[in-house]
Amino acid sequence: MFQARARAEILKEVVNVVSTLVDEAKFTVNADGLTLRAVDPAHIAMVDLSLAKDAFEEFKADESEIGIDIDKLGQFLKLARGDDLVDLKHDEEKRKLKIVVGDITRHMSLIDTTGMSDPKVPNLELPATVTVRSDDLLQGIRASETVSDHIALVASPDGFEMSCEGDMDQVHWKKAKKDLGVLETPSAVRSLFPLEYFSNMLKSVSSGSAVTMHLGSDYPVRMEFKIASDKGEVRYLLAPRIESND
Amino acid sequence: MPDNPAMFEEVLSSSDVRTKSSRCVYCKGSKMLCGKSRCSVLARYFSSLGAKERIDRTELIGNSPPSVFVGRMGYPKVAVGPMIPPIDGDTSLMDTPERWVGLSIDEIIGFRSNLVRGMHWVDVGDVANTEKLVSRTRDLALAQQPPQVEAEFRRKPVGRLTVDDDVQPFGPSAPLERFEVANCRFDRRLEKAFFDTDLLAKDAVVSLYRSGSLVSQIQKAFSVGAFGLEKRRRFVPTRWSITAVDSQLGLHMLESTKTFPFINEFRVYETQSLDNRWAVIMIPSSWKYELIEAWYPNTVWNPHNDRIAIMSDHEFFEGRRTYASIGGCYYAARLAVNELLTRERRQAGVCIMREAHPGYILPVGVWNVRENVRKALSNPPHRYPTLRAALTHVSGMMDIPMSRWIRSSAVLKDALYQRRIEDFRR
């Protein structure tokens with residue numbers, strides 16, 4: 001059983017975060033709220049999202065799984081303004097999700113979740129932690145986009161740097177420790193990432209949010225940020241690119 | 001004709017052919033990136049040919065393969081018309097590229113240069129025009145067997161061979177005065193799609209392909225505006241129609257191949273023809289695709305004497321939104337690899353490498369890419385447990401070192417360097 005009412009902007013935030021990586025996703029609901037874990041088709045990135053029940057205006061649920069076509073949901077939510085209330089109800093027998101926005105009701109067919117995997121989150125020890133405003137990160141990405149298709153994230157005890165090296169040009173974006181919310185690292189670490197993924201993931205973060213990144217050397221980056229006015233949390237994981245010279 | 005490759009090389013190396021290899025390789029005589037009004041590489045070649053293929057009459061009778069041509073110059077006012085050889089009997093081979101694998105460039109040029117192109121100018125949207133020149137061109141494209149065609153031209157066909165990177169070469173052309181097609185039967189499947197004026201062109205293409213029509217047949221009918229919603233039908237220039245059909249069919253198959261399980265091993269398929277070497281590498285991964293072409297000095301699109309020109313285009317799982325810079329061959333090869341994946345109900349990452357050697361002196365059309373990739377994929381593959389082992393095999397068949405291929409390849413770099421989430425699960 002799942003029945004809930006939420007402000008449209010919160011659902012839109014969820015759709016944004018998830019649709020960056022997958023078209024279809026399995027949401028798990030229980031009495032405490034809603035969670036989702038998914039890996040993109042190329043297995044390069046992962047999203048791990050949780051939304052507490054008090055992010056909703058009303059929320060009632062037993063343990064169950066709901067397979068949703070994210071694009072379809074996103075399209076429908078475009079009909080709603082940010083502060084409109086959206087009603088959701090899972091019809092288990094007909095395998096549909098009933099969504100009500102104002103005067104409109106849509107019965108959306110659900111996706112069979114039996115074949116969908118339950119990705120495990122890798123257990124990683126990432127020595128460096130840095131917190132940066134999403135808008136600052138996007139600025140650095142914008143500067144890099146025309147230069148190369150991968151980007152290096154470098155954290156050292158005195159600052160955090162994003163650098164991008166193409167065949168012709170190089171771009172460096174750098175912030176000193178004093179200008180960063182949090183910067184903790186015992187030594188300098190560096191990993192290289194596919195720019196398109198990194199960029200798309202950060203573009204789904206609401207403007208003004210703080211993103212906490214956990215980094216290592218030639219290790220995945222874990223990016224954490226809050227959604228739904230701090231009542232939900234997203235953890236993105238992005239696998240590195242390792243250029244060996246053999 | 002190309003019975004003397006040395007002559008062509010001589011033309012290319014002569015001092016007054018100035019070309020930048022980087023540009024020529026993308027332009028291929030079609031976009032005039034050098035700023036000249038005619039392609040100097042091709043022009044030199046034609047001038048050396050002379051006019052020996054002239055078909056010196058204003059009247060012509062022969063069996064059309066069947067074949068039609070829709071030009072692109074002057075779009076939306078384009079030249080449409082039949083292609084007719086001065087030959088009787090079963091000429092179908094002349095316009096069925098599916099049957100050309102294994103023929104030499106000389107043989108292909110030999111019979112293609114006999115195809116005389118008749119031209120009649122018409123607006124592309126005017127497919128329902130009742131003028132006989134228009135309706136007969138369309139009927140010819142739907143014909144099942146090579147019908148006899150009788151044409152009268154306004155002047156003698158101008159004798160030269162037209163070559164193009166996308167379109168098969170063909171012979172001289174002339175404006176049409178009139179032409180007649182002997183009684184002939186329509187291909188039943190094409191006819192059905194033609195009369196269904198509520199069927200989207202895309203769906204027509206897919207259902208014809210599924211029912212066994214050849215890509216070249218579908219493309220011919222597509223170019224005369226035989227498919228689609230009645231009001232939206234139009235003539236499509238031949239070179240665009242080839243890529244439209246290749247691309248649509250590829251996209252259609254991708255809808256399913258992207259959901260299939262991965263192949264179980266690394267594979268290498270290979271073939272050689274027309275002094276081109278082909279290697280198709282398949283990787284057990286989600287769909288990604290790349291075509292890399294390497295042109296040796298003095299091959300068609302690389303008139304430079306001293307360096308190899310390499311170009312490539314790729315897409316990852318999401319596909320691409322812009323037209324591939326290397327042109328129609330990208331979509332032709334994508335169709336061919338999806339045919340294999342659909343047959344096996346498997347998904348894979350695919351990297352195709354093409355090494356064009358100096359014996360490849362004339363562009364013969366996109367079919368060359370589609371049919372040779374199909375040919376390669378019809379041979380049993382070499383199977384390997386690792387990508388490194390597969391690449392070692394490819395190194396053995398290509399002259400260009402593997403490091404150079406990797407440097408030009410987004411798909412290989414992704415496979416070699418990009419880690420996956422599961423690599424970090426312990």
# chains A, B, ... in the order shown; residues from 1 in each chain; ligands from 1

$ residues_around --residues "Ala38 of chain A" --least-positions-apart "5" --cutoff "12 Å" --atoms "only C-alpha atoms" --output "PyMOL selection string"
(chain A and resi 17-28+43-49+67+116-121+234-237) or (chain B and resi 421)

$ select_by_dssp --residues "segment 70-205 of chain B" --states "strand (DSSP E)" --output "JSON list (two decimals) with C-alpha atoms, in the first residue's frame"
[["chain", "number", "residue", "atom", "x", "y", "z"],
["B", 70, "VAL", "CA", 16.93, 12.24, -57.41],
["B", 77, "LYS", "CA", 13.69, 22.10, -57.05],
["B", 78, "VAL", "CA", 15.52, 18.93, -57.95],
["B", 79, "ALA", "CA", 16.21, 16.74, -60.97],
["B", 80, "VAL", "CA", 14.41, 13.41, -60.89],
["B", 81, "GLY", "CA", 14.43, 10.69, -63.52],
["B", 82, "PRO", "CA", 15.30, 7.17, -64.56],
["B", 83, "MET", "CA", 18.73, 5.65, -64.96],
["B", 84, "ILE", "CA", 18.96, 3.62, -68.14],
["B", 116, "VAL", "CA", 22.62, 7.17, -68.23],
["B", 117, "ARG", "CA", 20.74, 9.52, -65.96],
["B", 118, "GLY", "CA", 17.67, 11.29, -67.33],
["B", 119, "MET", "CA", 16.77, 14.55, -65.64],
["B", 120, "HIS", "CA", 13.48, 16.32, -65.16],
["B", 121, "TRP", "CA", 13.16, 19.23, -62.73],
["B", 122, "VAL", "CA", 10.36, 19.18, -60.21],
["B", 123, "ASP", "CA", 9.54, 20.58, -56.78],
["B", 148, "GLN", "CA", 12.37, -1.91, -70.77],
["B", 149, "VAL", "CA", 12.67, 1.87, -70.89],
["B", 150, "GLU", "CA", 12.76, 4.09, -73.93],
["B", 151, "ALA", "CA", 14.00, 7.62, -73.44],
["B", 152, "GLU", "CA", 14.46, 10.68, -75.59],
["B", 153, "PHE", "CA", 16.83, 13.37, -74.36],
["B", 173, "SER", "CA", 23.33, 12.52, -67.82],
["B", 174, "ALA", "CA", 20.96, 14.55, -69.98],
["B", 175, "PRO", "CA", 17.66, 16.44, -69.65],
["B", 176, "LEU", "CA", 14.66, 14.28, -70.54],
["B", 177, "GLU", "CA", 12.28, 15.06, -73.36],
["B", 178, "ARG", "CA", 10.11, 12.01, -72.75],
["B", 179, "PHE", "CA", 10.43, 8.46, -71.58],
["B", 180, "GLU", "CA", 8.29, 5.37, -71.54],
["B", 181, "VAL", "CA", 8.33, 2.33, -69.33]]

$ residues_around --residues "segment 224-228 of chain A" --least-positions-apart "3" --cutoff "8 Å" --atoms "only C-alpha atoms" --output "list in words"
Ile10, Glu13, Val14, Leu51, Ala55, Val205, Ser206, Ser209, Ala210, Val211, Thr212, Met213, Lys231, Gly232, Glu233, Val234, Arg235 and Tyr236 of chain A

$ write_last_selection --atoms "N, CA and C atoms" --output "PDB file, in the first residue's frame"
ATOM      1  N   ILE A  10       8.900  19.037  -4.941  1.00  0.00           N
ATOM      2  CA  ILE A  10       9.690  17.985  -4.313  1.00  0.00           C
ATOM      3  C   ILE A  10       9.767  16.763  -5.230  1.00  0.00           C
ATOM      4  N   GLU A  13      12.101  17.482  -8.043  1.00  0.00           N
ATOM      5  CA  GLU A  13      13.496  17.339  -7.637  1.00  0.00           C
ATOM      6  C   GLU A  13      13.939  15.879  -7.733  1.00  0.00           C
ATOM      7  N   VAL A  14      13.079  14.985  -7.253  1.00  0.00           N
ATOM      8  CA  VAL A  14      13.392  13.554  -7.291  1.00  0.00           C
ATOM      9  C   VAL A  14      13.545  13.088  -8.741  1.00  0.00           C
ATOM     10  N   LEU A  51      14.046   9.681   0.814  1.00  0.00           N
ATOM     11  CA  LEU A  51      13.141  10.791   1.075  1.00  0.00           C
ATOM     12  C   LEU A  51      12.317  10.384   2.303  1.00  0.00           C
ATOM     13  N   ALA A  55       8.882  14.619   4.326  1.00  0.00           N
ATOM     14  CA  ALA A  55       9.020  15.459   3.138  1.00  0.00           C
ATOM     15  C   ALA A  55       7.659  15.591   2.443  1.00  0.00           C
ATOM     16  N   VAL A 205      21.347  19.172  -9.348  1.00  0.00           N
ATOM     17  CA  VAL A 205      21.347  19.726  -7.993  1.00  0.00           C
ATOM     18  C   VAL A 205      20.705  21.110  -8.036  1.00  0.00           C
ATOM     19  N   SER A 206      19.807  21.379  -7.082  1.00  0.00           N
ATOM     20  CA  SER A 206      19.163  22.688  -7.071  1.00  0.00           C
ATOM     21  C   SER A 206      20.201  23.772  -6.809  1.00  0.00           C
ATOM     22  N   SER A 209      22.447  24.859  -3.397  1.00  0.00           N
ATOM     23  CA  SER A 209      22.730  23.748  -2.481  1.00  0.00           C
ATOM     24  C   SER A 209      24.229  23.578  -2.288  1.00  0.00           C
ATOM     25  N   ALA A 210      24.577  22.956  -1.165  1.00  0.00           N
ATOM     26  CA  ALA A 210      25.978  22.607  -0.936  1.00  0.00           C
ATOM     27  C   ALA A 210      26.164  21.134  -1.283  1.00  0.00           C
ATOM     28  N   VAL A 211      27.230  20.833  -2.006  1.00  0.00           N
ATOM     29  CA  VAL A 211      27.519  19.448  -2.391  1.00  0.00           C
ATOM     30  C   VAL A 211      28.772  18.994  -1.652  1.00  0.00           C
ATOM     31  N   THR A 212      28.660  17.872  -0.945  1.00  0.00           N
ATOM     32  CA  THR A 212      29.830  17.341  -0.264  1.00  0.00           C
ATOM     33  C   THR A 212      30.400  16.196  -1.088  1.00  0.00           C
ATOM     34  N   MET A 213      31.696  16.326  -1.408  1.00  0.00           N
ATOM     35  CA  MET A 213      32.323  15.294  -2.235  1.00  0.00           C
ATOM     36  C   MET A 213      33.356  14.532  -1.436  1.00  0.00           C
ATOM     37  N   LYS A 231      14.873  17.243   3.875  1.00  0.00           N
ATOM     38  CA  LYS A 231      14.170  16.042   4.336  1.00  0.00           C
ATOM     39  C   LYS A 231      14.482  14.832   3.453  1.00  0.00           C
ATOM     40  N   GLY A 232      15.308  15.051   2.470  1.00  0.00           N
ATOM     41  CA  GLY A 232      15.733  13.947   1.625  1.00  0.00           C
ATOM     42  C   GLY A 232      17.219  14.067   1.352  1.00  0.00           C
ATOM     43  N   GLU A 233      17.808  12.967   0.948  1.00  0.00           N
ATOM     44  CA  GLU A 233      19.238  13.001   0.701  1.00  0.00           C
ATOM     45  C   GLU A 233      19.578  12.199  -0.553  1.00  0.00           C
ATOM     46  N   VAL A 234      20.563  12.708  -1.307  1.00  0.00           N
ATOM     47  CA  VAL A 234      21.004  12.003  -2.507  1.00  0.00           C
ATOM     48  C   VAL A 234      22.488  11.699  -2.374  1.00  0.00           C
ATOM     49  N   ARG A 235      22.866  10.477  -2.704  1.00  0.00           N
ATOM     50  CA  ARG A 235      24.279  10.128  -2.796  1.00  0.00           C
ATOM     51  C   ARG A 235      24.524   9.609  -4.211  1.00  0.00           C
ATOM     52  N   TYR A 236      25.316  10.353  -4.960  1.00  0.00           N
ATOM     53  CA  TYR A 236      25.707   9.928  -6.302  1.00  0.00           C
ATOM     54  C   TYR A 236      27.092   9.305  -6.210  1.00  0.00           C
TER      55      TYR A 236
END

$ closest_residue --among "B:Glu265, B:Asp414, B:Asp187, B:Glu371" --to "Glu290 of chain B" --atoms "only C-alpha atoms"
B:Asp414

$ interface_residues --of "chain B" --to "chain A" --cutoff "9 Å" --atoms "only C-alpha atoms" --output "ChimeraX atom specification"
/B:285-287,316-317,413-414,416-426

$ residues_around --residues "Phe235 of chain B" --least-positions-apart "3" --cutoff "6 Å" --atoms "only C-alpha atoms" --output "tab-separated table (two decimals) with N, CA and C atoms, in the first residue's frame"
chain	number	residue	atom	x	y	z
B	124	VAL	N	10.20	19.23	-54.85
B	124	VAL	CA	10.22	17.99	-54.08
B	124	VAL	C	8.85	17.62	-53.51
B	223	SER	N	13.12	7.47	-52.07
B	223	SER	CA	13.59	8.68	-52.73
B	223	SER	C	12.54	9.29	-53.66
B	224	VAL	N	11.58	8.46	-54.13
B	224	VAL	CA	10.55	9.04	-55.00
B	224	VAL	C	9.29	9.40	-54.21
B	225	GLY	N	9.39	9.43	-52.90
B	225	GLY	CA	8.26	9.87	-52.08
B	225	GLY	C	7.12	8.88	-52.09

$ residues_around --residues "segment 270-280 of chain B" --least-positions-apart "6" --cutoff "6 Å" --atoms "only C-alpha atoms" --output "list in words"
Cys351, Ile352, Met353, Arg354, Glu355, Ala356, His357, Gly359, Tyr360 and Ala376 of chain B

$ write_last_selection --atoms "N, CA and C atoms" --output "PDB file, in the first residue's frame"
ATOM      1  N   CYS B 351      33.196  -1.306 -31.988  1.00  0.00           N
ATOM      2  CA  CYS B 351      34.142  -0.353 -32.570  1.00  0.00           C
ATOM      3  C   CYS B 351      34.580  -0.905 -33.925  1.00  0.00           C
ATOM      4  N   ILE B 352      34.281  -0.157 -34.986  1.00  0.00           N
ATOM      5  CA  ILE B 352      34.649  -0.612 -36.326  1.00  0.00           C
ATOM      6  C   ILE B 352      35.849   0.191 -36.815  1.00  0.00           C
ATOM      7  N   MET B 353      36.855  -0.520 -37.298  1.00  0.00           N
ATOM      8  CA  MET B 353      38.029   0.165 -37.835  1.00  0.00           C
ATOM      9  C   MET B 353      38.137  -0.139 -39.318  1.00  0.00           C
ATOM     10  N   ARG B 354      38.399   0.899 -40.077  1.00  0.00           N
ATOM     11  CA  ARG B 354      38.551   0.734 -41.511  1.00  0.00           C
ATOM     12  C   ARG B 354      39.872   1.356 -41.920  1.00  0.00           C
ATOM     13  N   GLU B 355      40.699   0.564 -42.565  1.00  0.00           N
ATOM     14  CA  GLU B 355      41.977   1.084 -43.038  1.00  0.00           C
ATOM     15  C   GLU B 355      41.933   1.093 -44.559  1.00  0.00           C
ATOM     16  N   ALA B 356      41.888   2.272 -45.162  1.00  0.00           N
ATOM     17  CA  ALA B 356      41.809   2.376 -46.621  1.00  0.00           C
ATOM     18  C   ALA B 356      43.207   2.537 -47.188  1.00  0.00           C
ATOM     19  N   HIS B 357      43.600   1.587 -48.010  1.00  0.00           N
ATOM     20  CA  HIS B 357      44.932   1.585 -48.587  1.00  0.00           C
ATOM     21  C   HIS B 357      44.927   2.183 -49.987  1.00  0.00           C
ATOM     22  N   GLY B 359      45.102   1.346 -52.943  1.00  0.00           N
ATOM     23  CA  GLY B 359      44.365   0.786 -54.073  1.00  0.00           C
ATOM     24  C   GLY B 359      42.926   1.279 -54.131  1.00  0.00           C
ATOM     25  N   TYR B 360      42.476   1.960 -53.065  1.00  0.00           N
ATOM     26  CA  TYR B 360      41.104   2.462 -53.036  1.00  0.00           C
ATOM     27  C   TYR B 360      41.109   3.873 -53.590  1.00  0.00           C
ATOM     28  N   ALA B 376      31.812  -8.924 -43.129  1.00  0.00           N
ATOM     29  CA  ALA B 376      32.683  -9.254 -41.997  1.00  0.00           C
ATOM     30  C   ALA B 376      31.893 -10.005 -40.927  1.00  0.00           C
TER      31      ALA B 376
END

$ select_by_dssp --residues "segment 93-157 of chain A" --states "alpha helix (DSSP H)" --output "list in words"
Ser134, Asp135, Asp136, Leu137, Leu138, Gln139, Gly140, Ile141, Arg142, Ala143 and Ser144 of chain A

$ closest_residue --among "A:Ile104, A:Leu85, A:Ala188, A:Ile111" --to "Glu65 of chain A" --atoms "only C-alpha atoms"
A:Ile111

$ atom_distance --atom1 "atom CA of Ile66 of chain A" --atom2 "atom CA of Gln3 of chain A"
11.9 Å

$ atom_distance --atom1 "atom CA of Gln144 of chain B" --atom2 "atom CA of Gln219 of chain B"
14.1 Å

$ residues_around --residues "Asp32 of chain A" --least-positions-apart "2" --cutoff "7 Å" --atoms "only C-alpha atoms" --output "compact mmCIF listing (two decimals) with C-alpha atoms, in the first residue's frame"
# COMPACT_ATOMS: atom_id res chain seq x y z
CA ASN A 30 7.89 1.67 3.67
CA ALA A 52 11.78 10.80 4.63
CA LYS A 53 8.02 10.59 5.11

$ closest_residue --among "B:Leu142, B:Arg267, B:Glu339, B:Ser403" --to "Ile218 of chain B" --atoms "only C-alpha atoms"
B:Leu142

$ residues_around --residues "Arg239 of chain B" --least-positions-apart "2" --cutoff "8 Å" --atoms "only C-alpha atoms" --output "tab-separated table (two decimals) with N, CA and C atoms, in the first residue's frame"
chain	number	residue	atom	x	y	z
B	72	ARG	N	20.29	16.55	-55.65
B	72	ARG	CA	20.09	17.42	-54.47
B	72	ARG	C	20.38	18.87	-54.80
B	166	ASP	N	28.60	8.99	-51.00
B	166	ASP	CA	27.40	8.32	-50.50
B	166	ASP	C	26.76	7.46	-51.57
B	167	VAL	N	26.73	7.99	-52.78
B	167	VAL	CA	25.96	7.39	-53.86
B	167	VAL	C	26.86	6.55	-54.75
B	237	PRO	N	16.35	13.54	-52.21
B	237	PRO	CA	17.57	13.32	-52.97
B	237	PRO	C	18.20	11.96	-52.61
B	241	SER	N	18.33	9.90	-49.07
B	241	SER	CA	17.41	8.79	-48.82
B	241	SER	C	18.18	7.55	-48.37
B	242	ILE	N	19.39	7.36	-48.87
B	242	ILE	CA	20.18	6.21	-48.46
B	242	ILE	C	20.43	6.27	-46.96
B	243	THR	N	20.88	7.44	-46.51
B	243	THR	CA	21.19	7.57	-45.09
B	243	THR	C	19.93	7.58	-44.23

$ atom_distance --atom1 "atom CA of Glu63 of chain A" --atom2 "atom CA of Leu36 of chain A"
13.2 Å

$ decode --residues "segment 119-207 of chain B" --atoms "C-alpha atoms" --output "PDB file, in the first residue's frame"
ATOM      1  CA  MET B 119      16.768  14.549 -65.639  1.00  0.00           C
ATOM      2  CA  HIS B 120      13.479  16.320 -65.161  1.00  0.00           C
ATOM      3  CA  TRP B 121      13.158  19.228 -62.729  1.00  0.00           C
ATOM      4  CA  VAL B 122      10.358  19.182 -60.212  1.00  0.00           C
ATOM      5  CA  ASP B 123       9.537  20.577 -56.784  1.00  0.00           C
ATOM      6  CA  VAL B 124      10.220  17.989 -54.076  1.00  0.00           C
ATOM      7  CA  GLY B 125       6.691  18.352 -52.665  1.00  0.00           C
ATOM      8  CA  ASP B 126       5.125  17.693 -56.051  1.00  0.00           C
ATOM      9  CA  VAL B 127       5.043  13.898 -55.835  1.00  0.00           C
ATOM     10  CA  ALA B 128       1.381  13.711 -56.892  1.00  0.00           C
ATOM     11  CA  ASN B 129       2.209  15.551 -60.136  1.00  0.00           C
ATOM     12  CA  THR B 130       0.428  13.808 -62.994  1.00  0.00           C
ATOM     13  CA  GLU B 131       3.083  14.669 -65.560  1.00  0.00           C
ATOM     14  CA  LYS B 132       4.233  11.455 -67.153  1.00  0.00           C
ATOM     15  CA  LEU B 133       7.907  12.189 -66.514  1.00  0.00           C
ATOM     16  CA  VAL B 134       7.179  12.335 -62.781  1.00  0.00           C
ATOM     17  CA  SER B 135       4.722   9.469 -62.415  1.00  0.00           C
ATOM     18  CA  ARG B 136       6.781   7.139 -64.586  1.00  0.00           C
ATOM     19  CA  THR B 137       9.905   7.836 -62.548  1.00  0.00           C
ATOM     20  CA  ARG B 138       7.974   6.805 -59.475  1.00  0.00           C
ATOM     21  CA  ASP B 139       6.532   3.697 -61.126  1.00  0.00           C
ATOM     22  CA  LEU B 140      10.000   2.671 -62.179  1.00  0.00           C
ATOM     23  CA  ALA B 141      11.244   2.854 -58.588  1.00  0.00           C
ATOM     24  CA  LEU B 142       8.517   0.418 -57.542  1.00  0.00           C
ATOM     25  CA  ALA B 143       9.101  -2.069 -60.376  1.00  0.00           C
ATOM     26  CA  GLN B 144       9.870  -5.641 -59.487  1.00  0.00           C
ATOM     27  CA  GLN B 145      11.904  -6.686 -62.531  1.00  0.00           C
ATOM     28  CA  PRO B 146      14.045  -4.572 -64.876  1.00  0.00           C
ATOM     29  CA  PRO B 147      11.481  -3.139 -67.330  1.00  0.00           C
ATOM     30  CA  GLN B 148      12.370  -1.909 -70.770  1.00  0.00           C
ATOM     31  CA  VAL B 149      12.674   1.869 -70.893  1.00  0.00           C
ATOM     32  CA  GLU B 150      12.756   4.091 -73.929  1.00  0.00           C
ATOM     33  CA  ALA B 151      14.002   7.618 -73.438  1.00  0.00           C
ATOM     34  CA  GLU B 152      14.464  10.677 -75.587  1.00  0.00           C
ATOM     35  CA  PHE B 153      16.834  13.374 -74.363  1.00  0.00           C
ATOM     36  CA  ARG B 154      16.913  17.061 -75.235  1.00  0.00           C
ATOM     37  CA  ARG B 155      20.605  16.760 -75.975  1.00  0.00           C
ATOM     38  CA  LYS B 156      23.229  14.076 -76.036  1.00  0.00           C
ATOM     39  CA  PRO B 157      24.175  12.840 -72.565  1.00  0.00           C
ATOM     40  CA  VAL B 158      27.245  14.581 -71.241  1.00  0.00           C
ATOM     41  CA  GLY B 159      29.872  11.949 -70.839  1.00  0.00           C
ATOM     42  CA  ARG B 160      31.463  11.737 -67.500  1.00  0.00           C
ATOM     43  CA  LEU B 161      31.414   9.451 -64.532  1.00  0.00           C
ATOM     44  CA  THR B 162      29.773  10.876 -61.420  1.00  0.00           C
ATOM     45  CA  VAL B 163      31.291   9.620 -58.216  1.00  0.00           C
ATOM     46  CA  ASP B 164      30.246  10.480 -54.714  1.00  0.00           C
ATOM     47  CA  ASP B 165      31.008   9.257 -51.249  1.00  0.00           C
ATOM     48  CA  ASP B 166      27.404   8.318 -50.501  1.00  0.00           C
ATOM     49  CA  VAL B 167      25.958   7.392 -53.858  1.00  0.00           C
ATOM     50  CA  GLN B 168      27.079   4.628 -56.194  1.00  0.00           C
ATOM     51  CA  PRO B 169      28.932   6.006 -59.229  1.00  0.00           C
ATOM     52  CA  PHE B 170      26.935   6.479 -62.431  1.00  0.00           C
ATOM     53  CA  GLY B 171      27.474   7.539 -66.006  1.00  0.00           C
ATOM     54  CA  PRO B 172      26.547  10.534 -68.197  1.00  0.00           C
ATOM     55  CA  SER B 173      23.330  12.515 -67.817  1.00  0.00           C
ATOM     56  CA  ALA B 174      20.964  14.548 -69.981  1.00  0.00           C
ATOM     57  CA  PRO B 175      17.660  16.444 -69.648  1.00  0.00           C
ATOM     58  CA  LEU B 176      14.656  14.280 -70.538  1.00  0.00           C
ATOM     59  CA  GLU B 177      12.278  15.064 -73.361  1.00  0.00           C
ATOM     60  CA  ARG B 178      10.109  12.011 -72.754  1.00  0.00           C
ATOM     61  CA  PHE B 179      10.431   8.459 -71.584  1.00  0.00           C
ATOM     62  CA  GLU B 180       8.294   5.371 -71.537  1.00  0.00           C
ATOM     63  CA  VAL B 181       8.327   2.334 -69.328  1.00  0.00           C
ATOM     64  CA  ALA B 182       7.131  -0.970 -70.756  1.00  0.00           C
ATOM     65  CA  ASN B 183       4.431  -2.815 -68.824  1.00  0.00           C
ATOM     66  CA  CYS B 184       5.861  -4.059 -65.605  1.00  0.00           C
ATOM     67  CA  ARG B 185       4.670  -5.418 -62.316  1.00  0.00           C
ATOM     68  CA  PHE B 186       5.146  -3.467 -59.093  1.00  0.00           C
ATOM     69  CA  ASP B 187       6.900  -5.142 -56.229  1.00  0.00           C
ATOM     70  CA  ARG B 188       3.883  -6.222 -54.153  1.00  0.00           C
ATOM     71  CA  ARG B 189       5.286  -5.062 -50.826  1.00  0.00           C
ATOM     72  CA  LEU B 190       6.413  -1.675 -52.103  1.00  0.00           C
ATOM     73  CA  GLU B 191       3.062  -1.219 -53.831  1.00  0.00           C
ATOM     74  CA  LYS B 192       1.168  -1.906 -50.630  1.00  0.00           C
ATOM     75  CA  ALA B 193       3.158   0.710 -48.714  1.00  0.00           C
ATOM     76  CA  PHE B 194       2.735   3.138 -51.596  1.00  0.00           C
ATOM     77  CA  PHE B 195      -1.064   2.902 -51.543  1.00  0.00           C
ATOM     78  CA  ASP B 196      -1.258   3.132 -47.740  1.00  0.00           C
ATOM     79  CA  THR B 197      -1.439   6.887 -47.353  1.00  0.00           C
ATOM     80  CA  ASP B 198      -1.941   6.712 -43.569  1.00  0.00           C
ATOM     81  CA  LEU B 199       1.244   4.757 -42.938  1.00  0.00           C
ATOM     82  CA  LEU B 200       4.167   6.790 -41.596  1.00  0.00           C
ATOM     83  CA  ALA B 201       7.274   6.628 -43.779  1.00  0.00           C
ATOM     84  CA  LYS B 202       9.253   5.294 -40.840  1.00  0.00           C
ATOM     85  CA  ASP B 203       6.791   2.441 -40.275  1.00  0.00           C
ATOM     86  CA  ALA B 204       6.737   1.669 -43.991  1.00  0.00           C
ATOM     87  CA  VAL B 205      10.529   1.401 -44.072  1.00  0.00           C
ATOM     88  CA  VAL B 206      10.577  -0.871 -41.031  1.00  0.00           C
ATOM     89  CA  SER B 207       7.801  -3.181 -42.193  1.00  0.00           C
TER      90      SER B 207
END
